[in-house]
Amino acid sequence: MTLKGRDLVTTQDWSHEELLAALDLAVKMKGDRYGYTNVLKDRTFFMFFYNPSVRTRQSFECAATELGGHAQFLEPKSMRLKTATTAGETIEDAARVMSRYACGLGIRILEDKVSAYGEGEELIREYAQWAEIPVVSMAHDKFHPCQGLADIMGWIEWLTPGGGFDPAAVKGKKLLVTWGHGALARSLCSIQEAMLIGSRFGMDVTVAAPEGYDLDGEIIKWTHENCKANGATLATTNDVEAGYKGAHVVYSRNWMSPRAYIDGEFQKQQEIEKALKHTDWICDAPKMALTEDAIFTHPMPIDRGHEVTDDVASGERSCIYDVAENRLHAQKAVMALTMGEVKPE
Amino acid sequence: MTLKGRDLVTTQDWSHEELLAALDLAVKMKGDRYGYTNVLKDRTFFMFFYNPSVRTRQSFECAATELGGHAQFLEPKSMRLKTATTAGETIEDAARVMSRYACGLGIRILEDKVSAYGEGEELIREYAQWAEIPVVSMAHDKFHPCQGLADIMGWIEWLTPGGGFDPAAVKGKKLLVTWGHGALARSLCSIQEAMLIGSRFGMDVTVAAPEGYDLDGEIIKWTHENCKANGATLATTNDVEAGYKGAHVVYSRNWMSPRAYIDGEFQKQQEIEKALKHTDWICDAPKMALTEDAIFTHPMPIDRGHEVTDDVASGERSCIYDVAENRLHAQKAVMALTMGEVKPE
Amino acid sequence: MTLKGRDLVTTQDWSHEELLAALDLAVKMKGDRYGYTNVLKDRTFFMFFYNPSVRTRQSFECAATELGGHAQFLEPKSMRLKTATTAGETIEDAARVMSRYACGLGIRILEDKVSAYGEGEELIREYAQWAEIPVVSMAHDKFHPCQGLADIMGWIEWLTPGGGFDPAAVKGKKLLVTWGHGALARSLCSIQEAMLIGSRFGMDVTVAAPEGYDLDGEIIKWTHENCKANGATLATTNDVEAGYKGAHVVYSRNWMSPRAYIDGEFQKQQEIEKALKHTDWICDAPKMALTEDAIFTHPMPIDRGHEVTDDVASGERSCIYDVAENRLHAQKAVMALTMGEVKPE
């Protein structure tokens with residue numbers, strides 16, 4: 001098996017064996033933080049931020065640095081790319097030239113930088129088609145594969161008895177993915193990636209949300225197929241509490257509704273107004289008391305007081321900082337395997 | 001003594017011995033420019049620029065590079081931080097996660113990015129409280145510790161007879177800190193830090209400014225205490241010339257008045273109009289002739305023709321470029337001592 | 001011969017021997033991509049982008065990384081430089097301080113960031129006058145020396161029989177520089193640099209453009225002198241087809257007219273409207289059929305469908321991606337020779 005040259009648009013594109021190889025290396029890298037500094041020595045990794053970011057910028061640039069390389073921070077607004085209304089460079093030309101300079105290309109595009117759900121996915125796939133170097137999603141409207149890897153890595157760490165790292169530890173465990181309210185209109189990408197990777201590792205998945213917050217039907221279908229293939233189950237509910245029963249991992253986060261884009265416009269204000277009304281959709285201690293001593297997970301940044309209460313987010317069963325840290329290790333592993341000369345074991 | 005893990009919000013927080021250790025290393029680093037490139041090898045230093053900057057960006061990023069590491073340039077506007085009016089991440093969450101990625105965090109916040117004097121200081125102290133990595137001020141409304149270190153380093157270099165580096169050389173010497181006019185409304189931070197560190201090293205300090213340009217009373221009090229503890233004196237005057245008599249170091253620079261913030265708004269235009277009226281407040285050759293062959297110092301950028309005349313700024317007794325260079329060496333030393341494994345001697 | 005410390009504002013400032021030395025090293029670097037990573041080890045190169053850029057940012061930052069150093073991306077808008085209307089730092093002060101921090105300084109200034117043709121050149125020459133480190137143009141209103149080096153390198157690669165690299169291979173070959181239409185008002189810099197360096201290497205140069213698109217008369221004169229000195233010829237024509245006959249290299253690109261700046265304002269919209277009218281000025285297969293099997297060259301980004309048709313730009317005789325890649329190698333060579341300790345052979 002080799003991952004050299006492979007794109008990572010969603011974890012669903014990689015085999016279970018490949019995902020295990022990435023996690024295995026990420027765990028090794030976490031244990032030997034500066035032991036891999038020759039992997040991308042003096043190489044350039046391009047980061048394309050159509051949207052700004054907190055964690056993603058920090059963790060990808062840090063990952064490239066710790067592999068001995070350098071992440072260039074690029075904002076496509078200064079790239080004179082062709083659009084519907086302006087002269088500029090085609091994606092083919094941009095991708096082909098970048099392939100001459102860099103060892104890999106990360107792209108982030110979602111929310112207000114797309115005019116319809118799925119457009120970010122299309123753009124990333126077009127870059128991947130032309131680029132001769134690996135293309136990695138740094139979050140787009142549909143998927144967030146590195147977040148998914150960091151999530152499952154953190155859940156395995158927390159659920160493996162005795163503190164080791166046993167991917168089988170999450171098998172048969174229940175993942176509750178639940179909507180959270182707030183002055184937000186967040187992308188579906190992290191949530192959908194979590195459902196996909198959780199089900200790949202044999203977790204039962206429950207999706208809870210108010211009416212009107214359906215996720216992408218195709219991702220639901222894929223999650224269902226993943227569950228079936230791994231002896232797990234998928235359930236959905238509009239009940240704010242029911243899903244907590246028996247949960248081992250609770251993932252509470254806001255996401256936008258299927259009506260977030262109308263006529264090519266991102267309806268942020270309208271989504272926020274709608275999202276603020278469901279004040280009961282908050283992960284709090286009474287709800288967490290219904291679970292099987294579940295851990296609380298979130299990709300951050302958290303909207304405390306809306307998506308989750310402070311006592312849960314900062315509680316003893318919160319794995320948020322570990323998952324955030326795992327972004328770094330998972331991304332280093334992905335970059336090393338796809339862009340470096342590191343072979344999976 | 002170790003400085004590993006220590007914050008640097010103002011030099012006043014460090015002991016005299018600790019400041020000497022930092023200067024000692026800075027001088028060594030100046031003499032052996034690329035002899036410390038393993039200190040932060042492949043480590044990440046975050047630079048948070050609430051305000052843009054000239055020298056600070058250049059010198060900190062260069063410092064990280066010369067220590068073998070990488071400075072990430074981050075603008076909090078793209079960080080989705082919580083504010084009074086928008087959902088976002090708390091400083092606790094931001095600081096805790098950054099502590100997982102980086103070896104240190106620099107923050108710059110002043111002028112129009114605060115709504116009242118002292119707010120920048122509060123913010124930096126809050127980051128420092130939560131971060132598990134050293135927090136260094138890259139200039140904030142109250143202090144500018146790395147400028148202070150570069151200043152005293154330059155003054156010692158220029159005042160040590162025979163060209164060596166003897167911190168005792170500035171003891172008993174007179175530092176004139178004098179206000180300069182111009183289309184400016186500059187932060188108090190550099191000036192206040194200079195008064196503090198000058199008095200720590202036994203310099204007599206005179207502050208000269210037109211009426212209405214009082215500095216922070218608490219800093220004046222600390223400077224007074226520093227002077228007393230070191231056998232020196234503090235004087236203030238509204239006379240534009242008197243302070244020059246007997247001065248060994250002249251520091252002429254604009255600063256904003258205590259009325260710069262009204263109802264949470266930075267009164268830049270009003271401050272500029274006020275500051276332009278005091279046309280006699282310029283450091284020029286006739287005034288310099290009153291001194292004890294004083295050196296001219298300024299943290300740059302200089303507003304030539306207002307704060308100081310060209311002939312003084314570019315004259316033989318101007319130490320401005322050396323002080324600017326010292327920013328690099330002082331910051332390398334601070335980073336090496338607080339974030340690296342370098343032990344003070 | 002040494003190039004250590006030399007500026008590069010235009011290739012015309014360097015001797016033929018010096019240009020050959022740069023190309024020789026660039027070719028070696030292309031063949032041994034990561035064999036020069038100690039040249040600028042832990043050194044800082046400042047990139048000053050008055051204007052944003054695609055290729056230039058990517059290739060210069062990548063070049064610094066591959067030489068073991070770091071390119072700082074600086075936007076002068078955040079540099080508080082003195083302008084006609086605001087207080088700020090002089091170029092003398094900025095350049096002198098930067099010389100203390102960095103091993104070199106790249107500057108890009110053209111199009112809407114100048115108020116008249118030639119102003120960018122003046123600014124770069126002023127930086128070069130004060131800086132004690134090499135100043136390299138990263139494209140300005142008059143010249144684009146690194147593009148010129150990448151161009152001639154690519155043409156030599158394509159025209160040397162048997163695939164080697166023989167600079168004599170372009171001698172006596174015909175370079176057609178032809179104007180292209182489109183919703184564009186591009187700088188003259190790449191075109192003018194190409195004419196200069198082509199004629200330095202003994203190429204016959206033909207410039208074709210509609211009436212009203214004259215290039216800088218002084219550059220035309222220099223090109224003429226270069227031609228004379230190297231046994232070549234210079235021709236100009238307003239005919240859209242005539243120049244293609246006998247051409248070995250076709251360079252089709254838009255450029256602005258001499259009326260692009262009026263009263264200090266860049267007339268972008270007016271230039272675009274004018275440039276869109278000349279729809280016959282496009283490089284296409286029928287025109288290319290008139291040539292001596294010419295290669296098609298362009299500095300990119302290309303406006304496909306206006307400057308050139310897709311079939312020519314993506315055709316078998318298109319050297320655009322190789323030239324784009326050569327930007328990296330040529331810039332590494334220039335930086336190594338002027339800023340590092342690498343001696344020309």
# chains A, B, ... in the order shown; residues from 1 in each chain; ligands from 1
>>> residues_around(residues="Asn238 (chain B)", least_positions_apart="4", cutoff="7 Å", atoms="only C-alpha atoms", output="JSON, numbers by chain")
{"B": [208, 209, 210, 211]}
>>> closest_residue(among="A:Ile320, A:Leu23, A:Leu105, A:Ala294", to="Leu159 (chain A)", atoms="only C-alpha atoms")
A:Ala294
>>> residues_around(residues="Leu110 (chain A)", least_positions_apart="5", cutoff="12 Å", atoms="only C-alpha atoms", output="PyMOL selection string")
chain A and resi 49-53+115-124+137-144+185-190+256+260-261+266
>>> interface_residues(of="chain A", to="chain B", cutoff="8 Å", atoms="only C-alpha atoms", output="MDAnalysis selection string")
chainID A and resid 34 37 52:54 58:59 61:62 65:68 182:184 300:304 321 324:325 328
>>> select_by_dssp(residues="region 94-188 of chain C", states="helix (DSSP H, G or I)", output="VMD selection string")
chain C and resid 94 to 101 111 to 113 119 to 130 145 to 159 161 to 163 167 to 170
>>> write_last_selection(atoms="N, CA and C atoms", output="compact mmCIF listing (two decimals), in the first residue's frame")
# COMPACT_ATOMS: atom_id res chain seq x y z
N ALA C 94 13.38 53.06 6.04
CA ALA C 94 12.87 51.69 5.84
C ALA C 94 13.96 50.79 5.29
N ALA C 95 14.67 51.26 4.27
CA ALA C 95 15.67 50.45 3.60
C ALA C 95 16.87 50.16 4.51
N ARG C 96 17.26 51.17 5.29
CA ARG C 96 18.42 50.98 6.15
C ARG C 96 18.14 49.97 7.25
N VAL C 97 16.94 50.04 7.82
CA VAL C 97 16.61 49.09 8.88
C VAL C 97 16.45 47.68 8.30
N MET C 98 15.77 47.57 7.18
CA MET C 98 15.60 46.25 6.59
C MET C 98 16.94 45.60 6.28
N SER C 99 17.91 46.43 5.93
CA SER C 99 19.25 45.90 5.63
C SER C 99 19.87 45.23 6.85
N ARG C 100 19.41 45.61 8.04
CA ARG C 100 19.93 44.98 9.25
C ARG C 100 19.32 43.60 9.50
N TYR C 101 18.13 43.38 8.94
CA TYR C 101 17.39 42.15 9.23
C TYR C 101 17.55 41.08 8.15
N GLU C 111 0.98 48.92 -12.35
CA GLU C 111 -0.46 49.12 -12.60
C GLU C 111 -1.07 50.20 -11.71
N ASP C 112 -2.09 49.84 -10.92
CA ASP C 112 -2.81 50.87 -10.16
C ASP C 112 -2.02 51.40 -8.96
N LYS C 113 -0.86 50.84 -8.67
CA LYS C 113 -0.10 51.31 -7.52
C LYS C 113 0.91 52.39 -7.90
N GLU C 119 7.15 55.51 -12.39
CA GLU C 119 7.18 55.81 -10.96
C GLU C 119 7.66 54.60 -10.15
N GLY C 120 7.27 53.41 -10.60
CA GLY C 120 7.70 52.19 -9.92
C GLY C 120 9.22 52.02 -10.03
N GLU C 121 9.72 52.27 -11.23
CA GLU C 121 11.17 52.21 -11.45
C GLU C 121 11.91 53.17 -10.51
N GLU C 122 11.40 54.39 -10.40
CA GLU C 122 12.03 55.37 -9.50
C GLU C 122 12.05 54.87 -8.06
N LEU C 123 10.92 54.31 -7.63
CA LEU C 123 10.84 53.84 -6.25
C LEU C 123 11.82 52.70 -5.99
N ILE C 124 11.91 51.77 -6.92
CA ILE C 124 12.84 50.64 -6.74
C ILE C 124 14.28 51.15 -6.72
N ARG C 125 14.58 52.08 -7.60
CA ARG C 125 15.96 52.62 -7.62
C ARG C 125 16.25 53.36 -6.30
N GLU C 126 15.22 53.99 -5.71
CA GLU C 126 15.45 54.68 -4.45
C GLU C 126 15.71 53.67 -3.32
N TYR C 127 14.93 52.59 -3.29
CA TYR C 127 15.22 51.53 -2.32
C TYR C 127 16.63 50.99 -2.52
N ALA C 128 16.99 50.75 -3.77
CA ALA C 128 18.30 50.17 -4.06
C ALA C 128 19.43 51.11 -3.63
N GLN C 129 19.18 52.41 -3.75
CA GLN C 129 20.19 53.39 -3.35
C GLN C 129 20.49 53.31 -1.86
N TRP C 130 19.45 53.15 -1.04
CA TRP C 130 19.63 53.17 0.41
C TRP C 130 19.91 51.80 1.02
N PRO C 145 12.81 41.51 -14.50
CA PRO C 145 14.04 40.80 -14.87
C PRO C 145 13.97 39.28 -14.62
N CYS C 146 13.30 38.84 -13.59
CA CYS C 146 13.26 37.39 -13.31
C CYS C 146 12.38 36.69 -14.33
N GLN C 147 11.34 37.38 -14.80
CA GLN C 147 10.55 36.82 -15.88
C GLN C 147 11.40 36.71 -17.13
N GLY C 148 12.18 37.73 -17.39
CA GLY C 148 13.08 37.70 -18.56
C GLY C 148 14.04 36.53 -18.52
N LEU C 149 14.62 36.28 -17.36
CA LEU C 149 15.53 35.13 -17.22
C LEU C 149 14.80 33.81 -17.43
N ALA C 150 13.59 33.72 -16.86
CA ALA C 150 12.81 32.48 -17.02
C ALA C 150 12.42 32.28 -18.48
N ASP C 151 12.08 33.37 -19.16
CA ASP C 151 11.72 33.29 -20.58
C ASP C 151 12.87 32.74 -21.41
N ILE C 152 14.01 33.41 -21.33
CA ILE C 152 15.13 33.02 -22.19
C ILE C 152 15.59 31.61 -21.84
N MET C 153 15.51 31.26 -20.58
CA MET C 153 15.88 29.90 -20.15
C MET C 153 14.96 28.87 -20.82
N GLY C 154 13.67 29.17 -20.81
CA GLY C 154 12.70 28.25 -21.44
C GLY C 154 12.89 28.17 -22.94
N TRP C 155 13.13 29.32 -23.58
CA TRP C 155 13.30 29.31 -25.05
C TRP C 155 14.55 28.53 -25.43
N ILE C 156 15.61 28.72 -24.67
CA ILE C 156 16.84 27.98 -24.95
C ILE C 156 16.60 26.48 -24.78
N GLU C 157 15.92 26.10 -23.69
CA GLU C 157 15.62 24.68 -23.47
C GLU C 157 14.85 24.09 -24.65
N TRP C 158 13.87 24.84 -25.15
CA TRP C 158 13.04 24.32 -26.24
C TRP C 158 13.74 24.35 -27.59
N LEU C 159 14.64 25.30 -27.76
CA LEU C 159 15.25 25.46 -29.09
C LEU C 159 16.62 24.80 -29.23
N PRO C 161 18.87 21.97 -29.94
CA PRO C 161 18.63 20.65 -30.55
C PRO C 161 19.11 19.54 -29.61
N GLY C 162 18.35 18.49 -29.50
CA GLY C 162 18.77 17.34 -28.71
C GLY C 162 18.51 17.48 -27.23
N GLY C 163 17.86 18.58 -26.83
CA GLY C 163 17.40 18.66 -25.44
C GLY C 163 18.40 19.18 -24.44
N PRO C 167 22.91 28.29 -24.97
CA PRO C 167 22.44 29.66 -25.19
C PRO C 167 22.58 30.13 -26.63
N ALA C 168 23.53 29.55 -27.36
CA ALA C 168 23.71 29.94 -28.76
C ALA C 168 22.54 29.48 -29.63
N ALA C 169 21.73 28.57 -29.10
CA ALA C 169 20.63 28.01 -29.89
C ALA C 169 19.59 29.06 -30.28
N VAL C 170 19.49 30.15 -29.50
CA VAL C 170 18.49 31.16 -29.84
C VAL C 170 19.05 32.25 -30.74
>>> residues_around(residues="Ile219 (chain B)", least_positions_apart="4", cutoff="10 Å", atoms="only C-alpha atoms", output="PyMOL selection string")
chain B and resi 12+142-143+192-193+195-196+215+223-225
>>> write_last_selection(atoms="N, CA and C atoms", output="PDB file, in the first residue's frame")
ATOM      1  N   GLN B  12       9.297  45.496  33.508  1.00  0.00           N
ATOM      2  CA  GLN B  12       9.121  45.726  34.949  1.00  0.00           C
ATOM      3  C   GLN B  12       8.780  44.409  35.682  1.00  0.00           C
ATOM      4  N   LYS B 142       0.084  49.903  26.939  1.00  0.00           N
ATOM      5  CA  LYS B 142       0.873  50.340  28.097  1.00  0.00           C
ATOM      6  C   LYS B 142       2.375  50.143  27.929  1.00  0.00           C
ATOM      7  N   PHE B 143       2.764  48.977  27.381  1.00  0.00           N
ATOM      8  CA  PHE B 143       4.182  48.602  27.395  1.00  0.00           C
ATOM      9  C   PHE B 143       4.677  48.092  26.039  1.00  0.00           C
ATOM     10  N   GLN B 192       6.924  54.723  27.795  1.00  0.00           N
ATOM     11  CA  GLN B 192       6.784  54.252  29.176  1.00  0.00           C
ATOM     12  C   GLN B 192       7.754  53.111  29.479  1.00  0.00           C
ATOM     13  N   GLU B 193       7.932  52.236  28.490  1.00  0.00           N
ATOM     14  CA  GLU B 193       8.871  51.134  28.690  1.00  0.00           C
ATOM     15  C   GLU B 193      10.297  51.672  28.831  1.00  0.00           C
ATOM     16  N   MET B 195      11.230  54.598  30.045  1.00  0.00           N
ATOM     17  CA  MET B 195      11.386  55.189  31.375  1.00  0.00           C
ATOM     18  C   MET B 195      11.620  54.110  32.423  1.00  0.00           C
ATOM     19  N   LEU B 196      10.851  53.018  32.291  1.00  0.00           N
ATOM     20  CA  LEU B 196      10.967  51.942  33.275  1.00  0.00           C
ATOM     21  C   LEU B 196      12.333  51.276  33.206  1.00  0.00           C
ATOM     22  N   LEU B 215       1.712  61.308  31.109  1.00  0.00           N
ATOM     23  CA  LEU B 215       1.788  59.855  30.913  1.00  0.00           C
ATOM     24  C   LEU B 215       0.982  59.165  32.015  1.00  0.00           C
ATOM     25  N   THR B 223       8.401  54.365  37.851  1.00  0.00           N
ATOM     26  CA  THR B 223       9.694  54.921  37.447  1.00  0.00           C
ATOM     27  C   THR B 223      10.366  55.601  38.640  1.00  0.00           C
ATOM     28  N   HIS B 224       9.559  56.330  39.387  1.00  0.00           N
ATOM     29  CA  HIS B 224      10.065  57.004  40.586  1.00  0.00           C
ATOM     30  C   HIS B 224      10.650  55.984  41.569  1.00  0.00           C
ATOM     31  N   GLU B 225       9.935  54.898  41.775  1.00  0.00           N
ATOM     32  CA  GLU B 225      10.411  53.848  42.688  1.00  0.00           C
ATOM     33  C   GLU B 225      11.692  53.197  42.160  1.00  0.00           C
TER      34      GLU B 225
END
>>> closest_residue(among="C:Asp7, C:Ala63, C:Ala21, C:Gly104", to="Met47 (chain C)", atoms="only C-alpha atoms")
C:Gly104
>>> closest_residue(among="B:Arg33, B:Lys228, B:Lys245, B:His306", to="Asp284 (chain B)", atoms="only C-alpha atoms")
B:His306
>>> closest_residue(among="B:Leu20, B:Leu40, B:Lys4, B:Val312", to="Glu132 (chain B)", atoms="only C-alpha atoms")
B:Lys4
>>> select_by_dssp(residues="region 67-251 of chain A", states="strand (DSSP E)", output="number ranges by chain")
A: 70-74, 104-109, 135-140, 174-179, 204-208, 234-237, 249-251
>>> write_last_selection(atoms="N, CA and C atoms", output="CSV table (one decimal), in the first residue's frame")
chain,number,residue,atom,x,y,z
A,70,HIS,N,7.5,24.4,4.5
A,70,HIS,CA,6.9,25.7,4.7
A,70,HIS,C,5.5,25.7,4.0
A,71,ALA,N,4.6,26.2,4.8
A,71,ALA,CA,3.2,26.4,4.2
A,71,ALA,C,3.1,27.8,3.8
A,72,GLN,N,2.8,28.0,2.5
A,72,GLN,CA,2.5,29.4,2.0
A,72,GLN,C,1.0,29.7,2.2
A,73,PHE,N,0.8,30.8,2.8
A,73,PHE,CA,-0.6,31.2,3.0
A,73,PHE,C,-1.1,32.1,1.8
A,74,LEU,N,-2.0,31.6,1.1
A,74,LEU,CA,-2.5,32.3,-0.1
A,74,LEU,C,-4.0,32.5,-0.1
A,104,GLY,N,2.3,19.9,-2.3
A,104,GLY,CA,0.9,19.7,-2.0
A,104,GLY,C,0.1,21.0,-2.0
A,105,LEU,N,-1.2,20.8,-2.1
A,105,LEU,CA,-2.1,22.0,-2.1
A,105,LEU,C,-3.3,21.7,-1.2
A,106,GLY,N,-3.5,22.6,-0.2
A,106,GLY,CA,-4.7,22.6,0.6
A,106,GLY,C,-5.7,23.6,0.2
A,107,ILE,N,-7.0,23.3,0.3
A,107,ILE,CA,-8.0,24.3,-0.2
A,107,ILE,C,-9.1,24.4,0.9
A,108,ARG,N,-9.5,25.6,1.2
A,108,ARG,CA,-10.7,25.8,2.1
A,108,ARG,C,-11.7,26.7,1.4
A,109,ILE,N,-12.9,26.1,1.2
A,109,ILE,CA,-14.0,27.0,0.6
A,109,ILE,C,-15.3,26.5,1.1
A,135,VAL,N,-4.0,17.1,-3.5
A,135,VAL,CA,-4.9,18.1,-3.0
A,135,VAL,C,-5.6,17.6,-1.8
A,136,VAL,N,-5.6,18.5,-0.7
A,136,VAL,CA,-6.2,18.1,0.6
A,136,VAL,C,-7.2,19.2,0.9
A,137,SER,N,-8.4,18.7,1.2
A,137,SER,CA,-9.4,19.7,1.7
A,137,SER,C,-9.1,20.2,3.1
A,138,MET,N,-9.1,21.5,3.2
A,138,MET,CA,-8.9,22.1,4.5
A,138,MET,C,-10.3,22.6,5.0
A,139,ALA,N,-11.3,21.9,4.7
A,139,ALA,CA,-12.7,22.1,5.0
A,139,ALA,C,-13.4,22.8,3.7
A,140,HIS,N,-14.4,22.1,3.3
A,140,HIS,CA,-15.2,22.7,2.2
A,140,HIS,C,-16.7,22.4,2.5
A,174,LYS,N,-21.8,4.4,20.7
A,174,LYS,CA,-22.8,5.3,20.1
A,174,LYS,C,-22.4,6.8,20.0
A,175,LEU,N,-22.4,7.3,18.8
A,175,LEU,CA,-22.1,8.7,18.5
A,175,LEU,C,-23.3,9.5,18.3
A,176,LEU,N,-23.6,10.4,19.2
A,176,LEU,CA,-24.7,11.4,18.9
A,176,LEU,C,-24.2,12.6,18.3
A,177,VAL,N,-24.7,12.9,17.1
A,177,VAL,CA,-24.4,14.2,16.4
A,177,VAL,C,-25.7,15.0,16.6
A,178,THR,N,-25.6,16.1,17.4
A,178,THR,CA,-26.8,16.9,17.7
A,178,THR,C,-26.6,18.3,17.3
A,179,TRP,N,-27.6,18.9,16.8
A,179,TRP,CA,-27.6,20.3,16.4
A,179,TRP,C,-27.6,21.2,17.6
A,204,ASP,N,-22.4,3.3,16.1
A,204,ASP,CA,-23.8,3.6,15.9
A,204,ASP,C,-23.9,5.1,15.9
A,205,VAL,N,-24.6,5.6,14.8
A,205,VAL,CA,-24.7,7.0,14.7
A,205,VAL,C,-26.2,7.5,14.9
A,206,THR,N,-26.4,8.5,15.7
A,206,THR,CA,-27.7,9.1,15.8
A,206,THR,C,-27.5,10.6,15.5
A,207,VAL,N,-28.4,11.1,14.6
A,207,VAL,CA,-28.4,12.5,14.2
A,207,VAL,C,-29.6,13.1,14.8
A,208,ALA,N,-29.5,14.1,15.6
A,208,ALA,CA,-30.6,14.8,16.2
A,208,ALA,C,-30.6,16.3,15.8
A,234,LEU,N,-27.8,3.4,12.1
A,234,LEU,CA,-28.0,4.9,11.9
A,234,LEU,C,-29.4,5.2,12.3
A,235,ALA,N,-29.6,6.2,13.1
A,235,ALA,CA,-30.9,6.7,13.5
A,235,ALA,C,-31.0,8.2,13.4
A,236,THR,N,-32.2,8.7,13.1
A,236,THR,CA,-32.4,10.2,13.1
A,236,THR,C,-33.6,10.5,14.0
A,237,THR,N,-33.5,11.7,14.6
A,237,THR,CA,-34.6,12.2,15.5
A,237,THR,C,-34.7,13.7,15.5
A,249,VAL,N,-20.3,9.2,22.8
A,249,VAL,CA,-19.7,10.4,22.3
A,249,VAL,C,-20.8,11.4,21.9
A,250,VAL,N,-20.8,12.6,22.4
A,250,VAL,CA,-21.8,13.6,22.1
A,250,VAL,C,-21.1,14.8,21.3
A,251,TYR,N,-21.6,15.0,20.2
A,251,TYR,CA,-21.0,16.0,19.3
A,251,TYR,C,-22.1,17.0,19.0
>>> atom_distance(atom1="CA of Ile262 (chain A)", atom2="CA of Ala275 (chain A)")
16.9 Å
>>> closest_residue(among="B:His16, B:Lys277, B:Arg317, B:Arg57", to="Ala289 (chain B)", atoms="only C-alpha atoms")
B:Arg317
>>> residues_around(residues="Met339 (chain A)", least_positions_apart="6", cutoff="9 Å", atoms="only C-alpha atoms", output="list in words")
Leu3, Lys4, Gly5, Arg6, Val39, Leu40, Cys103, Gly104, Ile133 and Pro134 of chain A
>>> atom_distance(atom1="CA of Phe165 (chain B)", atom2="CA of Asp311 (chain B)")
27.1 Å
>>> decode(residues="region 267-300 of chain C", atoms="C-alpha atoms", output="JSON list (two decimals), in the first residue's frame")
[["chain", "number", "residue", "atom", "x", "y", "z"],
["C", 267, "GLN", "CA", -7.43, 54.46, -16.61],
["C", 268, "LYS", "CA", -8.13, 50.77, -16.22],
["C", 269, "GLN", "CA", -11.73, 50.72, -17.43],
["C", 270, "GLN", "CA", -10.97, 52.88, -20.43],
["C", 271, "GLU", "CA", -7.99, 50.71, -21.35],
["C", 272, "ILE", "CA", -10.11, 47.57, -21.08],
["C", 273, "GLU", "CA", -12.81, 48.99, -23.33],
["C", 274, "LYS", "CA", -10.20, 49.95, -25.88],
["C", 275, "ALA", "CA", -8.41, 46.61, -25.64],
["C", 276, "LEU", "CA", -11.59, 44.61, -26.15],
["C", 277, "LYS", "CA", -12.23, 46.14, -29.56],
["C", 278, "HIS", "CA", -9.22, 44.61, -31.33],
["C", 279, "THR", "CA", -10.74, 41.13, -31.53],
["C", 280, "ASP", "CA", -8.45, 40.06, -34.36],
["C", 281, "TRP", "CA", -5.42, 40.41, -32.09],
["C", 282, "ILE", "CA", -5.39, 36.86, -30.79],
["C", 283, "CYS", "CA", -2.71, 34.25, -31.31],
["C", 284, "ASP", "CA", -4.39, 31.29, -32.99],
["C", 285, "ALA", "CA", -3.53, 28.18, -35.00],
["C", 286, "PRO", "CA", -3.81, 29.82, -38.47],
["C", 287, "LYS", "CA", -1.36, 32.53, -37.44],
["C", 288, "MET", "CA", 0.97, 30.01, -35.81],
["C", 289, "ALA", "CA", 0.93, 28.07, -39.07],
["C", 290, "LEU", "CA", 2.78, 31.01, -40.67],
["C", 291, "THR", "CA", 5.77, 30.56, -38.34],
["C", 292, "GLU", "CA", 8.81, 28.31, -38.41],
["C", 293, "ASP", "CA", 7.06, 25.84, -36.09],
["C", 294, "ALA", "CA", 7.35, 28.48, -33.36],
["C", 295, "ILE", "CA", 6.96, 27.79, -29.69],
["C", 296, "PHE", "CA", 4.28, 29.76, -27.85],
["C", 297, "THR", "CA", 5.38, 31.60, -24.72],
["C", 298, "HIS", "CA", 3.58, 33.68, -22.12],
["C", 299, "PRO", "CA", 4.47, 34.72, -18.55],
["C", 300, "MET", "CA", 1.02, 33.72, -17.26]]
